[in-house]
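**Student:** Take a look at target07.tsv, TSV, C-alpha atoms and all ligand atoms:
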```tsv
chain	number	residue	atom	x	y	z
A	24	MET	CA	68.32	113.44	125.52
A	25	THR	CA	70.26	116.71	125.58
A	26	VAL	CA	73.44	116.73	127.52
A	27	GLN	CA	75.56	119.75	128.38
A	28	VAL	CA	79.28	119.23	128.05
A	29	ILE	CA	82.10	120.06	130.41
A	30	LEU	CA	84.59	122.21	128.48
A	31	LYS	CA	87.46	121.84	130.98
A	32	GLY	CA	90.80	120.97	129.38
A	33	PHE	CA	89.46	120.88	125.83
A	34	GLY	CA	91.43	123.56	123.93
A	35	GLU	CA	90.12	126.52	121.99
A	36	VAL	CA	86.44	126.13	121.16
A	37	VAL	CA	85.29	127.78	117.92
A	38	LYS	CA	81.60	126.87	118.16
A	39	GLU	CA	79.24	124.34	119.65
A	40	VAL	CA	77.29	121.90	117.53
A	41	THR	CA	74.60	119.38	118.33
A	42	PHE	CA	75.26	115.77	117.43
A	43	ARG	CA	72.02	113.85	116.87
A	44	VAL	CA	73.11	110.24	116.97
A	45	ARG	CA	71.03	107.17	116.23
A	46	ARG	CA	71.17	104.79	119.17
A	47	TYR	CA	70.04	101.21	119.01
A	48	ASP	CA	71.09	98.07	120.80
A	49	PRO	CA	69.21	95.17	119.16
A	50	GLU	CA	69.69	93.10	122.29
A	51	LYS	CA	67.99	95.62	124.58
A	52	ASP	CA	65.96	98.18	122.63
A	53	ASN	CA	62.64	97.68	120.88
A	54	THR	CA	63.16	100.58	118.49
A	55	PRO	CA	66.00	102.92	117.56
A	56	LYS	CA	66.00	106.43	119.02
A	57	TYR	CA	68.09	109.56	118.55
A	58	SER	CA	70.14	111.09	121.35
A	59	GLU	CA	71.44	114.63	121.23
A	60	TYR	CA	74.78	115.79	122.54
A	61	LYS	CA	76.29	119.27	122.61
A	62	VAL	CA	79.86	119.10	121.38
A	63	PRO	CA	82.39	121.94	121.55
A	64	VAL	CA	84.26	122.17	118.27
A	65	LYS	CA	87.76	123.35	117.64
A	66	LYS	CA	89.50	123.83	114.29
A	67	GLY	CA	90.53	120.56	112.63
A	68	MET	CA	88.05	118.47	114.57
A	69	THR	CA	86.44	115.63	112.62
A	70	VAL	CA	83.08	113.97	113.14
A	71	LEU	CA	84.96	110.98	114.58
A	72	ASP	CA	86.65	113.34	117.07
A	73	GLY	CA	83.16	114.57	118.01
A	74	ILE	CA	81.95	111.01	118.57
A	75	LEU	CA	85.02	110.23	120.67
A	76	TYR	CA	84.41	113.40	122.65
A	77	ILE	CA	80.88	112.20	123.39
A	78	LYS	CA	82.21	108.80	124.44
A	79	GLU	CA	84.87	110.29	126.67
A	80	HIS	CA	82.96	113.14	128.26
A	81	ILE	CA	79.25	112.44	127.99
A	82	ASP	CA	78.14	108.90	127.22
A	83	PRO	CA	80.66	106.04	127.17
A	84	SER	CA	77.94	103.62	126.08
A	85	LEU	CA	77.88	105.06	122.53
A	86	SER	CA	79.39	102.51	120.13
A	87	ALA	CA	81.30	103.37	116.96
A	88	ARG	CA	83.96	101.56	114.94
A	89	TYR	CA	87.26	103.17	114.01
A	90	SER	CA	90.94	102.34	113.82
A	91	CYS	CA	93.44	104.37	111.75
A	92	ARG	CA	91.82	107.81	112.08
A	93	MET	CA	93.41	108.79	108.76
A	94	GLY	CA	91.07	107.55	106.02
A	95	ILE	CA	92.93	104.32	105.37
A	96	CYS	CA	91.27	101.44	107.20
A	97	GLY	CA	87.67	102.14	106.17
A	98	SER	CA	86.29	101.30	109.64
A	99	CYS	CA	84.55	104.57	110.41
A	100	ALA	CA	82.13	104.84	107.47
A	101	MET	CA	78.73	106.12	108.59
A	102	ILE	CA	75.95	108.36	107.35
A	103	ILE	CA	76.66	111.96	108.28
A	104	ASN	CA	73.98	114.52	107.50
A	105	GLY	CA	72.36	112.09	105.09
A	106	LYS	CA	75.47	111.03	103.16
A	107	GLU	CA	77.86	108.11	103.54
A	108	ARG	CA	81.28	109.41	104.60
A	109	LEU	CA	84.34	108.46	106.60
A	110	ALA	CA	83.86	110.08	110.02
A	111	CYS	CA	87.62	110.54	110.45
A	112	GLN	CA	87.85	112.48	107.20
A	113	THR	CA	84.83	114.68	107.69
A	114	GLN	CA	85.67	118.06	109.17
A	115	ILE	CA	82.88	119.34	111.41
A	116	LEU	CA	83.46	122.97	110.41
A	117	GLU	CA	83.37	122.12	106.70
A	118	LEU	CA	79.87	120.66	107.14
A	119	ASN	CA	78.88	124.20	108.09
A	120	LYS	CA	75.89	123.07	110.17
A	121	ASP	CA	74.89	123.47	113.79
A	122	LEU	CA	73.22	120.07	113.78
A	123	ILE	CA	75.11	116.95	112.76
A	124	LYS	CA	72.96	113.90	112.28
A	125	VAL	CA	74.82	110.62	112.47
A	126	ASP	CA	73.37	107.27	111.40
A	127	PRO	CA	74.98	103.89	110.88
A	128	LEU	CA	75.50	102.65	107.31
A	129	GLY	CA	72.29	101.36	105.76
A	130	ASN	CA	71.62	97.99	104.08
A	131	TYR	CA	73.49	96.10	106.82
A	132	ASN	CA	72.36	94.38	109.99
A	133	LEU	CA	73.25	96.43	113.01
A	134	ILE	CA	75.51	95.31	115.84
A	135	LYS	CA	74.97	98.43	117.95
A	136	ASP	CA	74.53	102.20	117.47
A	137	LEU	CA	76.94	103.19	114.67
A	138	VAL	CA	78.48	99.74	114.21
A	139	PRO	CA	77.09	97.80	111.25
A	140	ASP	CA	77.69	94.11	110.71
A	141	LEU	CA	79.82	94.11	107.56
A	142	SER	CA	79.73	90.31	107.02
A	143	LYS	CA	77.69	90.77	103.85
A	144	LEU	CA	80.33	93.10	102.39
A	145	PHE	CA	83.19	90.75	103.21
A	146	ASN	CA	81.38	87.59	102.09
A	147	ASN	CA	80.37	89.13	98.76
A	148	HIS	CA	83.91	90.35	98.26
A	149	LYS	CA	85.26	86.86	98.98
A	150	SER	CA	82.76	85.27	96.57
A	151	VAL	CA	84.32	87.00	93.52
A	152	LYS	CA	87.76	85.53	94.38
A	153	PRO	CA	89.58	88.85	94.81
A	154	TYR	CA	93.06	87.63	94.02
A	155	ILE	CA	95.09	86.73	90.95
A	156	ILE	CA	94.18	83.30	89.65
A	157	ARG	CA	96.57	81.42	87.36
A	158	ASN	CA	96.09	78.03	85.83
A	159	ASP	CA	99.67	77.55	84.74
A	160	ASN	CA	102.61	76.39	86.85
A	161	PRO	CA	103.46	78.16	90.11
A	162	PRO	CA	105.54	81.25	89.29
A	163	THR	CA	109.32	81.07	89.35
A	164	ALA	CA	109.61	84.84	88.86
A	165	GLU	CA	107.32	87.85	88.81
A	166	TYR	CA	104.65	88.26	86.12
A	167	LEU	CA	105.46	91.16	83.86
A	168	GLN	CA	103.01	94.01	83.40
A	169	LYS	CA	103.28	97.24	81.44
A	170	PRO	CA	102.25	100.54	83.07
A	171	GLU	CA	99.40	100.92	80.57
A	172	GLU	CA	98.12	97.45	81.53
A	173	ARG	CA	98.08	98.46	85.19
A	174	GLU	CA	96.16	101.63	84.32
A	175	LYS	CA	93.18	99.49	83.27
A	176	TYR	CA	92.40	98.56	86.86
A	177	ALA	CA	94.51	100.99	88.94
A	178	MET	CA	91.58	103.04	90.25
A	179	PHE	CA	89.82	99.97	91.60
A	180	THR	CA	92.79	99.00	93.78
A	181	GLU	CA	92.01	102.05	95.94
A	182	CYS	CA	89.03	100.36	97.60
A	183	ILE	CA	89.43	100.22	101.38
A	184	LEU	CA	86.33	98.07	102.00
A	185	CYS	CA	84.57	100.79	103.96
A	186	GLY	CA	81.14	99.55	102.82
A	187	ALA	CA	79.76	103.03	102.04
A	188	CYS	CA	78.81	102.07	98.47
A	189	LEU	CA	76.60	99.18	99.60
A	190	SER	CA	74.86	101.50	102.03
A	191	ALA	CA	74.04	104.02	99.29
A	192	CYS	CA	73.00	101.44	96.68
A	193	PRO	CA	69.23	101.30	96.01
A	194	THR	CA	69.53	97.86	94.40
A	195	MET	CA	71.14	96.54	97.57
A	196	ALA	CA	68.15	97.86	99.52
A	197	ALA	CA	65.79	95.89	97.26
A	198	ASP	CA	67.83	92.69	96.92
A	199	ASP	CA	69.70	91.55	100.00
A	200	LEU	CA	71.51	88.89	97.94
A	201	TYR	CA	72.82	91.33	95.33
A	202	LEU	CA	76.62	91.16	95.08
A	203	GLY	CA	76.84	94.91	95.40
A	204	PRO	CA	79.12	97.57	93.91
A	205	GLN	CA	82.19	96.78	96.00
A	206	ALA	CA	82.40	93.09	95.05
A	207	LEU	CA	81.59	93.79	91.39
A	208	ALA	CA	84.25	96.49	91.20
A	209	GLN	CA	86.79	94.09	92.67
A	210	ALA	CA	85.75	91.34	90.26
A	211	TYR	CA	86.48	93.75	87.42
A	212	ARG	CA	89.75	94.82	89.05
A	213	TYR	CA	91.07	91.23	88.84
A	214	ILE	CA	89.55	90.31	85.48
A	215	ALA	CA	91.13	93.43	83.94
A	216	ASP	CA	94.51	92.57	85.44
A	217	SER	CA	96.78	91.22	82.71
A	218	ARG	CA	98.28	88.72	85.18
A	219	ASP	CA	94.93	87.10	85.96
A	220	MET	CA	93.37	84.04	84.34
A	221	GLY	CA	90.34	83.64	86.61
A	222	PHE	CA	87.50	84.95	84.46
A	223	GLU	CA	85.86	81.52	84.03
A	224	GLU	CA	86.03	80.84	87.77
A	225	ARG	CA	84.20	84.06	88.59
A	226	LEU	CA	81.66	83.86	85.79
A	227	ASN	CA	78.96	81.88	87.65
A	228	VAL	CA	78.67	84.34	90.50
A	229	LEU	CA	78.87	87.44	88.27
A	230	ASP	CA	76.40	86.19	85.66
A	231	SER	CA	73.75	85.19	88.24
A	232	LYS	CA	70.45	86.89	88.98
A	233	HIS	CA	72.06	88.67	91.95
A	234	GLY	CA	75.13	89.59	89.93
A	235	VAL	CA	76.20	92.23	87.48
A	236	TRP	CA	72.87	92.55	85.60
A	237	ARG	CA	71.00	93.51	88.78
A	238	CYS	CA	72.54	97.00	88.88
A	239	HIS	CA	70.12	99.76	87.83
A	240	PHE	CA	72.96	102.21	87.34
A	241	ALA	CA	71.77	104.69	89.94
A	242	GLY	CA	75.42	105.68	90.41
A	243	ALA	CA	75.02	106.34	94.15
A	244	CYS	CA	77.95	104.02	94.92
A	245	SER	CA	80.38	106.17	92.94
A	246	GLU	CA	79.00	109.39	94.40
A	247	VAL	CA	79.71	108.37	97.99
A	248	CYS	CA	82.98	106.46	97.62
A	249	PRO	CA	85.50	108.28	99.84
A	250	LYS	CA	88.47	106.95	97.85
A	251	GLY	CA	87.35	108.07	94.40
A	252	VAL	CA	86.67	104.52	93.21
A	253	ASP	CA	83.96	104.40	90.54
A	254	PRO	CA	82.16	101.08	91.11
A	255	ALA	CA	79.37	102.07	88.69
A	256	LEU	CA	81.96	102.34	85.92
A	257	ALA	CA	83.46	98.96	86.89
A	258	ILE	CA	80.00	97.38	86.64
A	259	GLN	CA	79.51	98.76	83.13
A	260	LEU	CA	82.97	97.57	82.07
A	261	LEU	CA	82.24	94.17	83.59
A	262	ARG	CA	79.00	93.97	81.65
A	263	GLY	CA	81.00	94.69	78.50
A	264	VAL	CA	83.33	91.79	79.29
A	265	LEU	CA	80.39	89.43	79.89
A	266	MET	CA	78.70	90.51	76.65
A	267	LYS	CA	81.92	90.00	74.75
A	268	ASN	CA	82.20	86.58	76.31
A	269	SER	CA	78.69	85.55	75.30
A	270	PHE	CA	79.17	86.68	71.66
A	271	PHE	CA	82.80	85.87	70.91
A	272	GLY	CA	84.21	84.18	74.01
A	273	TYR	CA	86.50	86.10	76.36
A	274	LYS	CA	90.07	84.90	76.48
A	275	GLN	CA	92.56	86.07	79.05
A	276	VAL	CA	96.10	85.97	77.70
A	277	PRO	CA	98.46	85.07	80.55
A	278	ALA	CA	101.07	87.69	81.35
A	279	PRO	CA	104.64	86.64	80.59
A	280	VAL	CA	106.92	85.58	83.43
A	281	GLY	CA	110.00	87.72	84.02
A	282	LYS	CA	113.60	86.64	84.30
A	283	GLU	CA	114.30	84.53	87.37
A	284	ARG	CA	116.06	86.47	90.07
A	285	PRO	CA	118.64	84.89	92.38
A	286	THR	CA	117.35	83.88	95.80
A	287	VAL	CA	118.60	85.87	98.79
A	288	VAL	CA	121.03	83.05	99.68
A	289	GLU	CA	122.37	82.91	96.12
A	290	GLY	CA	122.65	86.69	96.07
A	291	LEU	CA	124.64	86.67	99.34
A	292	LYS	CA	127.03	84.04	97.95
A	293	VAL	CA	127.70	86.19	94.90
A	294	LEU	CA	128.31	89.17	97.16
A	295	GLU	CA	130.69	87.14	99.37
A	296	GLU	CA	132.71	86.05	96.33
A	297	LYS	CA	132.92	89.62	95.07
A	298	ILE	CA	134.19	90.81	98.46
A	299	LYS	CA	136.83	88.04	98.52
A	300	GLU	CA	137.96	88.93	95.00
A	301	SER	CA	138.28	92.62	95.88
A	302	GLU	CA	140.30	91.71	99.05
A	303	LYS	CA	142.79	89.71	96.93
A	304	LYS	CA	143.54	92.73	94.75
B	401	LIG	S1	84.31	101.04	96.48
B	401	LIG	FE1	84.59	102.91	97.70
B	401	LIG	S2	82.72	103.05	98.93
B	401	LIG	FE2	82.81	100.95	98.15
B	401	LIG	S3	83.85	99.80	99.79
B	401	LIG	FE3	85.42	100.44	98.32
B	401	LIG	S4	86.21	102.38	99.17
B	401	LIG	FE4	84.25	101.98	100.19
B	402	LIG	S1	89.24	105.31	111.21
B	402	LIG	FE1	90.23	104.39	109.49
B	402	LIG	S2	89.21	105.27	107.81
B	402	LIG	FE2	88.37	106.33	109.48
```
For the structure just supplied, provide its representation as structure tokens.
Ligand code: SF4
Ligand code: FES
**Tutor:**
Amino acid sequence: MTVQVILKGFGEVVKEVTFRVRRYDPEKDNTPKYSEYKVPVKKGMTVLDGILYIKEHIDPSLSARYSCRMGICGSCAMIINGKERLACQTQILELNKDLIKVDPLGNYNLIKDLVPDLSKLFNNHKSVKPYIIRNDNPPTAEYLQKPEEREKYAMFTECILCGACLSACPTMAADDLYLGPQALAQAYRYIADSRDMGFEERLNVLDSKHGVWRCHFAGACSEVCPKGVDPALAIQLLRGVLMKNSFFGYKQVPAPVGKERPTVVEGLKVLEEKIKESEKK
């Protein structure tokens, strides 16, 4: 379907591009099809802006997921001209093409059009227990960590759960139960954290036939990650930890606990006393 757009009230148009968008509603359609839309482009316009233009001016039935529109929430990941990208961060003019092909992320079930069902991503993430695990007493103060200890996992904290890496991963395409680059990178992120003691608890899921050994090191995950996370590196580092564990045992040394700080109420009392003392003088 080719639809001409109405340019009224749309600002200064630099060029016109064709959006070829994959449309599919599993509840109604037998097969996916592509629809084409002519979109007027102005400077600074992103692919997400183009999609929203289509929704607003041409076809409100087109479904896409987005939220922050600033590359933070990870909702708008999709395949743009053959590569996984965040639609809100992809400038139309920088693509330098007259045709922009938009597909939903691969390796996921589809809810509709450009909206994948990300349950697999979230469930896999949850399965590696992505939080600090301690087996000592509940903390009475913060755990101490040196800057160089934080450096070991800092890059992996940048993940925004956009799901692009699972879409690009060829192993994911072959094994639907594979944990995937996102979950494995997050498993490494916590295991490498000097405050964590949860290696043993994560071992079963990581050292399974759908776990860390399943990766073929294609590296596609790292190539497409919009936040510069390198899940392929995390997987190799994780393998190193598992190997070390099988030969010598892997021990996590718990991070020391810092000095207890006064509670807010205690702090206010101290402040009150200081004020009273200063008034007496
Ligand atoms: S690792 Fe990168 S591509 Fe994968 S979910 Fe996180 S931010 Fe997205
Ligand atoms: S809408 Fe949030 S990352 Fe694109």
**Student:** Per residue of chain A within 7 Å of ligand LIG 401 (chain B), note the shortest atom pair and the distance in Å to one decimal, counting only C-alpha atoms and all ligand atoms, and order the rows by chain and increasing residue number, as JSON lines.
**Tutor:**
```
{"residue": "A:Gly97", "atom": "CA", "partner": "B:LIG401", "partner_atom": "FE4", "distance": 6.9}
{"residue": "A:Glu181", "atom": "CA", "partner": "B:LIG401", "partner_atom": "S4", "distance": 6.6}
{"residue": "A:Cys182", "atom": "CA", "partner": "B:LIG401", "partner_atom": "FE3", "distance": 3.7}
{"residue": "A:Ile183", "atom": "CA", "partner": "B:LIG401", "partner_atom": "S4", "distance": 4.5}
{"residue": "A:Leu184", "atom": "CA", "partner": "B:LIG401", "partner_atom": "S3", "distance": 3.7}
{"residue": "A:Cys185", "atom": "CA", "partner": "B:LIG401", "partner_atom": "FE4", "distance": 4.0}
{"residue": "A:Gly186", "atom": "CA", "partner": "B:LIG401", "partner_atom": "S3", "distance": 4.1}
{"residue": "A:Ala187", "atom": "CA", "partner": "B:LIG401", "partner_atom": "S2", "distance": 4.3}
{"residue": "A:Cys188", "atom": "CA", "partner": "B:LIG401", "partner_atom": "S2", "distance": 4.1}
{"residue": "A:Leu189", "atom": "CA", "partner": "B:LIG401", "partner_atom": "FE2", "distance": 6.6}
{"residue": "A:Pro204", "atom": "CA", "partner": "B:LIG401", "partner_atom": "FE2", "distance": 6.6}
{"residue": "A:Gln205", "atom": "CA", "partner": "B:LIG401", "partner_atom": "FE2", "distance": 4.7}
{"residue": "A:Ala208", "atom": "CA", "partner": "B:LIG401", "partner_atom": "S1", "distance": 7.0}
{"residue": "A:Cys244", "atom": "CA", "partner": "B:LIG401", "partner_atom": "S2", "distance": 6.3}
{"residue": "A:Val247", "atom": "CA", "partner": "B:LIG401", "partner_atom": "S2", "distance": 6.2}
{"residue": "A:Cys248", "atom": "CA", "partner": "B:LIG401", "partner_atom": "S2", "distance": 3.7}
{"residue": "A:Pro249", "atom": "CA", "partner": "B:LIG401", "partner_atom": "FE1", "distance": 5.9}
{"residue": "A:Lys250", "atom": "CA", "partner": "B:LIG401", "partner_atom": "S4", "distance": 5.3}
{"residue": "A:Gly251", "atom": "CA", "partner": "B:LIG401", "partner_atom": "FE1", "distance": 6.7}
{"residue": "A:Val252", "atom": "CA", "partner": "B:LIG401", "partner_atom": "FE1", "distance": 5.2}
{"residue": "A:Asp253", "atom": "CA", "partner": "B:LIG401", "partner_atom": "S1", "distance": 6.8}
{"residue": "A:Pro254", "atom": "CA", "partner": "B:LIG401", "partner_atom": "S1", "distance": 5.8}
```
**Student:** So the first atom is CA of Thr163 (chain A) and the second is CA of Val276 (chain A); what is the distance between them in Å, to one decimal place?
**Tutor:**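 Computed distance, CA of Thr163 (chain A) to CA of Val276 (chain A), equals 18.3 Å.
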**Student:** Considering only C-alpha atoms, state which residue in the set A:Ala241, A:Glu224, A:Asn146, A:Gln114 is at the smallest distance from Ala206 (chain A).
**Tutor:**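 For Ala206 (chain A), the nearest of the given residues is A:Asn146.
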**Student:** Quick check, in Å to one decimal: how far apart do CA of Ala278 (chain A) and CA of Lys169 (chain A) lie?
**Tutor:**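 Rounded to one decimal, the two atoms are 9.8 Å apart.
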**Student:** Let me have all residues with an atom within 6 Å of ligand LIG 402 (chain B), counting all atoms listed in the file, laid out as a count of residues only.
**Tutor:** 14
**Student:** Distance CA of Val70 (chain A)-CA of Val44 (chain A), one decimal place?
**Tutor:** 11.3 Å
**Student:** Which residues, written as a ChimeraX atom specification, have at least one atom at most 10 Å from region 56-67 of chain A, with all atoms listed in the file counted and residues fewer than 5 positions away on the same chain left out?
**Tutor:** /A:24-30,33-48,72-74,76-77,80-82,85,113-117,121-126,136
**Student:** Excluding region 148-154 of chain A and any residue of its chain fewer than 5 positions from it, enumerate the residues within 9 Å of it, using all atoms listed in the file, and give them as a PyMOL selection string.
**Tutor:** chain A and resi 143+184+202-203+205-207+209-210+212-213+219+221+224-226+228-229
**Student:** Please dump the current selection as a short mmCIF file (atom, residue, chain, number, x, y, z; two decimals), keeping the file's coordinate frame; keep C-alpha atoms.
**Tutor:**
```cif
data_model
loop_
_atom_site.label_atom_id
_atom_site.label_comp_id
_atom_site.auth_asym_id
_atom_site.auth_seq_id
_atom_site.Cartn_x
_atom_site.Cartn_y
_atom_site.Cartn_z
CA LYS A 143 77.69 90.77 103.85
CA LEU A 184 86.33 98.07 102.00
CA LEU A 202 76.62 91.16 95.08
CA GLY A 203 76.84 94.91 95.40
CA GLN A 205 82.19 96.78 96.00
CA ALA A 206 82.40 93.09 95.05
CA LEU A 207 81.59 93.79 91.39
CA GLN A 209 86.79 94.09 92.67
CA ALA A 210 85.75 91.34 90.26
CA ARG A 212 89.75 94.82 89.05
CA TYR A 213 91.07 91.23 88.84
CA ASP A 219 94.93 87.10 85.96
CA GLY A 221 90.34 83.64 86.61
CA GLU A 224 86.03 80.84 87.77
CA ARG A 225 84.20 84.06 88.59
CA LEU A 226 81.66 83.86 85.79
CA VAL A 228 78.67 84.34 90.50
CA LEU A 229 78.87 87.44 88.27
#
```
**Student:** Using only C-alpha atoms, give me every residue within 12 Å of (71.5, 102.1, 98.6) in file coordinates, as a PyMOL selection string.
**Tutor:** chain A and resi 102+105-107+128-131+186-199+201+203-204+238-247
**Student:** For the residues selected in the previous step, produce a file with C-alpha atoms as a PDB file, in the frame of the given file.
**Tutor:**
```pdb
ATOM      1  CA  ILE A 102      75.950 108.360 107.350  1.00  0.00           C
ATOM      2  CA  GLY A 105      72.360 112.090 105.090  1.00  0.00           C
ATOM      3  CA  LYS A 106      75.470 111.030 103.160  1.00  0.00           C
ATOM      4  CA  GLU A 107      77.860 108.110 103.540  1.00  0.00           C
ATOM      5  CA  LEU A 128      75.500 102.650 107.310  1.00  0.00           C
ATOM      6  CA  GLY A 129      72.290 101.360 105.760  1.00  0.00           C
ATOM      7  CA  ASN A 130      71.620  97.990 104.080  1.00  0.00           C
ATOM      8  CA  TYR A 131      73.490  96.100 106.820  1.00  0.00           C
ATOM      9  CA  GLY A 186      81.140  99.550 102.820  1.00  0.00           C
ATOM     10  CA  ALA A 187      79.760 103.030 102.040  1.00  0.00           C
ATOM     11  CA  CYS A 188      78.810 102.070  98.470  1.00  0.00           C
ATOM     12  CA  LEU A 189      76.600  99.180  99.600  1.00  0.00           C
ATOM     13  CA  SER A 190      74.860 101.500 102.030  1.00  0.00           C
ATOM     14  CA  ALA A 191      74.040 104.020  99.290  1.00  0.00           C
ATOM     15  CA  CYS A 192      73.000 101.440  96.680  1.00  0.00           C
ATOM     16  CA  PRO A 193      69.230 101.300  96.010  1.00  0.00           C
ATOM     17  CA  THR A 194      69.530  97.860  94.400  1.00  0.00           C
ATOM     18  CA  MET A 195      71.140  96.540  97.570  1.00  0.00           C
ATOM     19  CA  ALA A 196      68.150  97.860  99.520  1.00  0.00           C
ATOM     20  CA  ALA A 197      65.790  95.890  97.260  1.00  0.00           C
ATOM     21  CA  ASP A 198      67.830  92.690  96.920  1.00  0.00           C
ATOM     22  CA  ASP A 199      69.700  91.550 100.000  1.00  0.00           C
ATOM     23  CA  TYR A 201      72.820  91.330  95.330  1.00  0.00           C
ATOM     24  CA  GLY A 203      76.840  94.910  95.400  1.00  0.00           C
ATOM     25  CA  PRO A 204      79.120  97.570  93.910  1.00  0.00           C
ATOM     26  CA  CYS A 238      72.540  97.000  88.880  1.00  0.00           C
ATOM     27  CA  HIS A 239      70.120  99.760  87.830  1.00  0.00           C
ATOM     28  CA  PHE A 240      72.960 102.210  87.340  1.00  0.00           C
ATOM     29  CA  ALA A 241      71.770 104.690  89.940  1.00  0.00           C
ATOM     30  CA  GLY A 242      75.420 105.680  90.410  1.00  0.00           C
ATOM     31  CA  ALA A 243      75.020 106.340  94.150  1.00  0.00           C
ATOM     32  CA  CYS A 244      77.950 104.020  94.920  1.00  0.00           C
ATOM     33  CA  SER A 245      80.380 106.170  92.940  1.00  0.00           C
ATOM     34  CA  GLU A 246      79.000 109.390  94.400  1.00  0.00           C
ATOM     35  CA  VAL A 247      79.710 108.370  97.990  1.00  0.00           C
TER      36      VAL A 247
END
```
**Student:** Go through A:Lys175, A:Lys303, A:Arg284, A:Lys135 and flag the residue nearest Asp52 (chain A), using only C-alpha atoms for the distances.
**Tutor:**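 Ranking A:Lys175, A:Lys303, A:Arg284, A:Lys135 by distance to Asp52 (chain A), first place goes to A:Lys135.
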**Student:** Tell me, as a PDB file with C-alpha atoms, in the coordinates of the input, which residues lie within 10 Å of Ala215 (chain A), counting all atoms listed in the file; anything in the same chain fewer than 2 positions away does not count.
**Tutor:**
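out33.pdb, freshly written:
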```
ATOM      1  CA  GLU A 172      98.120  97.450  81.530  1.00  0.00           C
ATOM      2  CA  ARG A 173      98.080  98.460  85.190  1.00  0.00           C
ATOM      3  CA  GLU A 174      96.160 101.630  84.320  1.00  0.00           C
ATOM      4  CA  LYS A 175      93.180  99.490  83.270  1.00  0.00           C
ATOM      5  CA  TYR A 176      92.400  98.560  86.860  1.00  0.00           C
ATOM      6  CA  ALA A 177      94.510 100.990  88.940  1.00  0.00           C
ATOM      7  CA  GLN A 209      86.790  94.090  92.670  1.00  0.00           C
ATOM      8  CA  ALA A 210      85.750  91.340  90.260  1.00  0.00           C
ATOM      9  CA  TYR A 211      86.480  93.750  87.420  1.00  0.00           C
ATOM     10  CA  ARG A 212      89.750  94.820  89.050  1.00  0.00           C
ATOM     11  CA  TYR A 213      91.070  91.230  88.840  1.00  0.00           C
ATOM     12  CA  SER A 217      96.780  91.220  82.710  1.00  0.00           C
ATOM     13  CA  ARG A 218      98.280  88.720  85.180  1.00  0.00           C
ATOM     14  CA  ASP A 219      94.930  87.100  85.960  1.00  0.00           C
ATOM     15  CA  MET A 220      93.370  84.040  84.340  1.00  0.00           C
ATOM     16  CA  PHE A 222      87.500  84.950  84.460  1.00  0.00           C
ATOM     17  CA  ALA A 257      83.460  98.960  86.890  1.00  0.00           C
ATOM     18  CA  LEU A 260      82.970  97.570  82.070  1.00  0.00           C
ATOM     19  CA  LEU A 261      82.240  94.170  83.590  1.00  0.00           C
ATOM     20  CA  VAL A 264      83.330  91.790  79.290  1.00  0.00           C
ATOM     21  CA  GLN A 275      92.560  86.070  79.050  1.00  0.00           C
TER      22      GLN A 275
END
```
**Student:** For Leu75 (chain A), which residue among A:Pro162, A:Arg88, A:Lys232, A:Asn104 is the nearest when counting only C-alpha atoms?
**Tutor:**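 Counting only C-alpha atoms, the residue closest to Leu75 (chain A) is A:Arg88.
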